[in-house]
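So the structure is just underneath, and the comments pick up after that.
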Amino acid sequence: MANAASGMAVHDECKLKFLELKAKRTYRFIVYKIEEKQKQVIVEKLGEPTENYEDFTKSLPADECRYAVYDFEFLTPEGVPKSRIFFIAWSPDTSRVRNKMIYASSKDRFKRELDGIQVELQATDPTEMGLDVIKSRAN
């Protein structure tokens, strides 16, 4: 179903892979890309469970927008293992204005397709989504 605001459709694989990440912990992260010609959001990269946050940040292009989901595992102060599913809207300052506008106008609808997101982050440069930021937002 196309997004009325931006005309973007969400490919079924986007939701299926997210459900696998959420329910089965099949992936550590998912990077999503808007295919402008096909007017849809697609899965660009899947991160293996063994990959870490640095692997994730390296998979985001320096000058193009992306949506991403990251499954962040951590220990509570009591030593209890927990996880939080982050939705990250990556919109670097260096990306084209049109690119930023398309991602901004499609974000809310795309995010609604992914049921189970616990924390949302908007980042325009790497420091806004550093591991320290993720840790502080996870609790």
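Chains: A, B, ... in order of the structure tokens. Residues: from 1 per chain. Ligands: from 1, in order shown.
Near Thr57 of chain A, within 12 Å and counting only C-alpha atoms, sit Arg28, Phe29, Ile30, Val31, Lys45, Gly47, Glu51, Asn52, Tyr53, Glu54, Leu60, Pro61, Ala62, Arg66, Tyr67, Ala68, Val69, Tyr70, Ile88, Trp90, Ala123, Asp125, Pro126, Thr127, Glu128, Met129, Gly130, Leu131 and Ile134 of chain A; same-chain residues fewer than 3 positions away were not included.
When atom CA of Arg25 of chain A is paired with atom CA of Phe87 of chain A, their separation reads 15.5 Å.
Nearest residue to Asp108 of chain A, choosing from A:Leu19, A:Thr94, A:Thr124, A:Ala89 and counting only C-alpha atoms: A:Ala89.
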### Task
Would you work out the distance separating atom CA of Ser83 of chain A from atom CA of Arg109 of chain A, expressed in Å to one decimal?
24.1 Å
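Interatomic distance, atom CA of Lys100 of chain A against atom CA of Arg137 of chain A: 24.0 Å.
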### Message
At a cut-off of 7 Å, using only C-alpha atoms, what residues contact Val10 of chain A? Leave out same-chain residues fewer than 2 positions from it and give the result as a list in words.
### Response
Met8, Asp12, Cys14, Gln40, Val41, Ile42 and Phe110 of chain A
Expected file contents, prior selection, C-alpha atoms, as a PDB file, in the first residue's frame:
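Dumped to result_26.pdb:
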```
ATOM      1  CA  MET A   8       6.202   5.300  -1.113  1.00  0.00           C
ATOM      2  CA  ASP A  12       6.837  -7.005   2.235  1.00  0.00           C
ATOM      3  CA  CYS A  14      10.856  -5.037   5.129  1.00  0.00           C
ATOM      4  CA  GLN A  40       9.255   1.755  -2.329  1.00  0.00           C
ATOM      5  CA  VAL A  41      11.245   1.020   0.796  1.00  0.00           C
ATOM      6  CA  ILE A  42      13.431  -2.086   0.467  1.00  0.00           C
ATOM      7  CA  PHE A 110       7.202   3.290   7.422  1.00  0.00           C
TER       8      PHE A 110
END
```
### Message
Going by DSSP on the backbone, which residues of chain A come out as helix (DSSP H, G or I)? List them as an NGL selection string.
### Response
:A and (12-24 or 53-58 or 97-113 or 126-129 or 131-138)
### Those in segment 38-119 of chain A with strand (DSSP E or B) from DSSP, as an NGL selection string
:A and (40-47 or 66-75 or 81-90 or 119)
Identify, on the basis of only C-alpha atoms, every residue whose closest approach to Asn139 of chain A does not exceed 9 Å; exclude the query and any residue fewer than 2 positions from it along the same chain; express the result as a CSV table (one decimal) with N, CA, C and O atoms, in the first residue's frame.
```
chain,number,residue,atom,x,y,z
A,76,THR,N,21.2,-4.7,32.6
A,76,THR,CA,20.7,-3.7,33.6
A,76,THR,C,21.7,-3.6,34.7
A,76,THR,O,22.6,-4.4,34.9
A,84,ARG,N,16.7,-3.7,23.5
A,84,ARG,CA,15.8,-2.7,23.0
A,84,ARG,C,15.9,-2.6,21.5
A,84,ARG,O,17.0,-2.6,21.0
A,135,LYS,N,23.2,3.7,24.5
A,135,LYS,CA,23.2,3.2,25.9
A,135,LYS,C,22.3,4.0,26.8
A,135,LYS,O,21.5,3.5,27.6
A,136,SER,N,22.4,5.3,26.6
A,136,SER,CA,21.6,6.2,27.5
A,136,SER,C,20.1,6.2,27.2
A,136,SER,O,19.3,6.3,28.1
A,137,ARG,N,19.8,5.9,25.9
A,137,ARG,CA,18.4,5.8,25.5
A,137,ARG,C,17.8,4.5,25.8
A,137,ARG,O,16.5,4.3,25.8
```
### Query
Which of these residues is nearest to Val133 of chain A, using only C-alpha atoms: A:Glu35, A:Glu64, A:Glu120, A:Ser106?
A:Glu120
### Task
Find, counting only C-alpha atoms, the residue in A:Tyr27, A:Phe72, A:Phe18, A:Lys58 that gets nearest to Asp132 of chain A.
A:Phe72
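Considering only C-alpha atoms, the residue among A:Leu16, A:Ile85, A:Thr26, A:Glu48 positioned nearest to Ile117 of chain A is A:Ile85.
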